[in-house]
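Remarks on the structure that follows.
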Amino acid sequence: MKDKEFIYTYIRHRDEHDLCRMEMRAFFGIDTPSNVLKSPVEIDPSRSPFMNERLEILYEGDLFEQITTQAEQIDLGNSTFKVICLNTTELGATDKIGHAERRKLERQIGLGINGEPDLDSPETVFGVVTLDDKWYFGKLTISGNVWFHHQQKPHMYSTALSTRVARAVANIAVPHPEGVRAIDPCCGIGTVLVEALSMGINIVGRDINRRVVLGSRKNIAHFGLTGDVAVGPIAEVTDNYDVTIIDMPYNLFTHITADEQLEIIKEARRFTKKVVIVTIDTIDHMIEEVGFHIVDRCVARKGTFSRQVLICQ
C-alpha cells in the first residue's frame, strides 16, 4: 500500500514569510518560499496560523481525465460529499483557475462519485488541484482558524506576542507533541500557553509577577482550557522539560538587564535540552556562553518592529 502524502496550501502576510518557513521546517524538515508544500508528514492545518488547506492525496495523474476516472471508484452510499478545486490563486508556479472553470471541474468529478452531493454541510469534502502539470485528488481538510478566536482575551497588554506569532512559536517549539513536556517560565498573560494548550501540547507556565499569572490563568480558563501556571522565578523550576519557550521579558513595565537575560538562559540550560527564545535583542553571545547552540532562526516582523525567534539546543 502506498504511503500517505499530503499537499498543504498557505496564506501569509509578507511580514510573516520567514516565520512561516521556520514553522514549515519544524513540521516537515523542509521549507519552501512557495505557498504550497507537499509532504508525507500529516499535520492538522488548524494548528498553523498560516496553513489554509490540507489535501490527503488519493489519486494523481498527468491528465484531469485520469483523475475523474479514478474518482469513479469512490462509493459513499448515502453519505454526502462536496468537491472543491484548490486553484483559487497561484500555487507556486501554477496559475489560478477562474471561477467558472473551477465549478466545471468540480461538477465533472462529482458526477462520477457514488454519493449524495451537498454543497452546504457535506459529510466528506474532497479536493482537486493541479500543480506543476500534474493533477491530484483527495480528502480535503480546511483550517478552522482556531487561533482567530483567541485574539480577544480578558487580559491583554500591547507588547505581548500576537496570537499568530504565539501559535507559530508553540509549533516551532513542539511540532510533534506526543511524549513532549514543555514549559513557558516567563509566560506573562499566557499568549503562548493558550495556543499550546489548545493544540494539546503538554505545557506548564510560570511567571515572577503574581498579577500577570492571575491574568494568564483567567485567559486559559476563558477559552475552556486547563493548564498549570505557577508564581515564581525561573530559578525555582525543579523538574526537567524537553523544551522551554522563553519570550524574553521586556516593555515599559518589565525592566530587565543584560545580566538578567543571561541568568534566564543559564537557568533554562539547567532543566531543558532545547529552548525557543523570542527576543528583540541580539543575544547570540549569551546563548553560546551558557552552552546552547542556535540551530535555526528567523525574524518575525510587524511593520517596523521585529523580533528574533531562535531555536537553541
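Residues in the C-alpha cells are named by chain (A, B, ... in the order shown) and by number from 1 within that chain; ligands are numbered from 1 in the order shown.
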Item to complete: Name all residues at most 9 Å from Leu161 in chain A (count only C-alpha atoms; drop same-chain ones fewer than 6 positions away) and give them as an MDAnalysis selection string.
Response: chainID A and resid 191:192 247
Keeping only N, CA, C and O atoms, take the residues you just selected and write them out as a PDB file, in the first residue's frame.
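As written to disk, part08.pdb reads:
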```
ATOM      1  N   THR A 191      -0.164  34.111  26.419  1.00  0.00           N
ATOM      2  CA  THR A 191      -0.497  34.041  24.995  1.00  0.00           C
ATOM      3  C   THR A 191       0.002  32.739  24.373  1.00  0.00           C
ATOM      4  O   THR A 191      -0.733  32.061  23.644  1.00  0.00           O
ATOM      5  N   VAL A 192       1.236  32.367  24.668  1.00  0.00           N
ATOM      6  CA  VAL A 192       1.777  31.102  24.151  1.00  0.00           C
ATOM      7  C   VAL A 192       1.081  29.918  24.799  1.00  0.00           C
ATOM      8  O   VAL A 192       0.770  28.923  24.137  1.00  0.00           O
ATOM      9  N   ASP A 247       9.737  33.923  25.896  1.00  0.00           N
ATOM     10  CA  ASP A 247       9.567  35.238  25.290  1.00  0.00           C
ATOM     11  C   ASP A 247      10.269  36.197  26.232  1.00  0.00           C
ATOM     12  O   ASP A 247       9.738  36.541  27.290  1.00  0.00           O
TER      13      ASP A 247
END
```
Practice prompt. For Leu214 in chain A, work out the shell of residues within 9 Å, counting only C-alpha atoms and skipping chain neighbours fewer than 6 positions away, then give it as a ChimeraX atom specification.
Written response: /A:189,229,231
Now that the selection is made, can you save its residues with N, CA and C atoms as a PDB file, in the first residue's frame?
```
ATOM      1  N   ILE A 189       0.940  36.987  30.259  1.00  0.00           N
ATOM      2  CA  ILE A 189      -0.509  36.767  30.315  1.00  0.00           C
ATOM      3  C   ILE A 189      -0.935  35.471  29.631  1.00  0.00           C
ATOM      4  N   VAL A 229      -0.256  27.167  35.978  1.00  0.00           N
ATOM      5  CA  VAL A 229       0.599  28.356  35.898  1.00  0.00           C
ATOM      6  C   VAL A 229       1.011  28.720  37.318  1.00  0.00           C
ATOM      7  N   VAL A 231       3.440  30.793  40.276  1.00  0.00           N
ATOM      8  CA  VAL A 231       4.084  32.075  40.568  1.00  0.00           C
ATOM      9  C   VAL A 231       5.493  31.795  41.071  1.00  0.00           C
TER      10      VAL A 231
END
```
Fill in: Residues near Arg103 in chain A, cut-off 12 Å, only C-alpha atoms, skip fewer than 5 positions along chain, as an MDAnalysis selection string
chainID A and resid 82:88 97:98 108:110 119 128
Discussion item. Taking only C-alpha atoms into account, name the residue in A:Thr124, A:Thr282, A:Thr304, A:Thr272 that is nearest to Ala182 in chain A.
Written reply: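 When distances to Ala182 in chain A are compared using only C-alpha atoms, the smallest one comes from A:Thr272.
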Within 12 Å of range 24-36 of chain A, which residues of range 238-306 of chain A come that close, and what is the closest atom pair and distance in Å for each? Count only C-alpha atoms and give it as CSV.
```
residue,atom,partner,partner_atom,distance
A:Val276,CA,A:Ala26,CA,11.7
A:Val295,CA,A:Ala26,CA,11.3
A:Asp296,CA,A:Arg25,CA,9.2
A:Arg297,CA,A:Arg25,CA,10.7
A:Cys298,CA,A:Arg25,CA,11.3
```
Would you mind exporting N, CA and C atoms of the selected residues as a compact mmCIF listing (two decimals), in the first residue's frame?
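So result_38.txt came out as:
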```txt
# COMPACT_ATOMS: atom_id res chain seq x y z
N VAL A 276 13.36 27.58 22.81
CA VAL A 276 12.99 28.51 21.75
C VAL A 276 12.85 29.88 22.39
N VAL A 295 20.36 26.53 16.34
CA VAL A 295 20.25 25.58 15.22
C VAL A 295 19.30 26.07 14.14
N ASP A 296 18.48 27.07 14.45
CA ASP A 296 17.61 27.68 13.45
C ASP A 296 17.17 29.03 13.97
N ARG A 297 16.83 29.93 13.05
CA ARG A 297 16.42 31.27 13.48
C ARG A 297 15.62 31.95 12.38
N CYS A 298 14.85 32.95 12.78
CA CYS A 298 14.16 33.79 11.80
C CYS A 298 13.85 35.12 12.47
```
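Between Val213 in chain A and the residues A:Asp184, A:Glu72, A:Asp239, A:Glu263, the shortest atom-to-atom distance, using only C-alpha atoms, involves A:Asp184.
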Item to complete: Write down as number ranges by chain the residues belonging to range 74-279 of chain A that are assigned strand (DSSP E or B) by DSSP computed on the backbone.
Response: A: 75-85, 91, 94, 114-117, 124-131, 134-142, 181-184, 202-207, 229-231, 241, 243-247, 272, 275-279
Worksheet item: Can you list, as a list in words, every protein, DNA or RNA residue that comes within 10 Å of Gly179 in chain A when you count only C-alpha atoms, leaving out same-chain residues fewer than 3 positions away?
Response: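 That gives His176, Ala182, Ile201, Asn202 and Asp242 of chain A.
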Worksheet item: Closest to Glu90 in chain A among A:Asp259, A:Asp62, A:Glu123, A:Asp132, using only C-alpha atoms?
Response: A:Asp132
Item to complete: DSSP on the backbone, then: every residue of range 75-163 of chain A marked helix (DSSP H, G or I), written as a list in words.
Response: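 Result set for range 75-163 of chain A (helix (DSSP H, G or I)): His99, Ala100, Glu101, Arg102, Arg103, Lys104, Leu105, Glu106, Arg107, Gln108, Ile109, Gly110, Leu111, Gly112, Val146, Trp147, Phe148, His149, His150 and Thr163 of chain A.
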Fill in: Residue among A:Ala221, A:Ile265, A:Ala100, A:Ile203 lying closest to His293 in chain A, counting only C-alpha atoms
A:Ile265
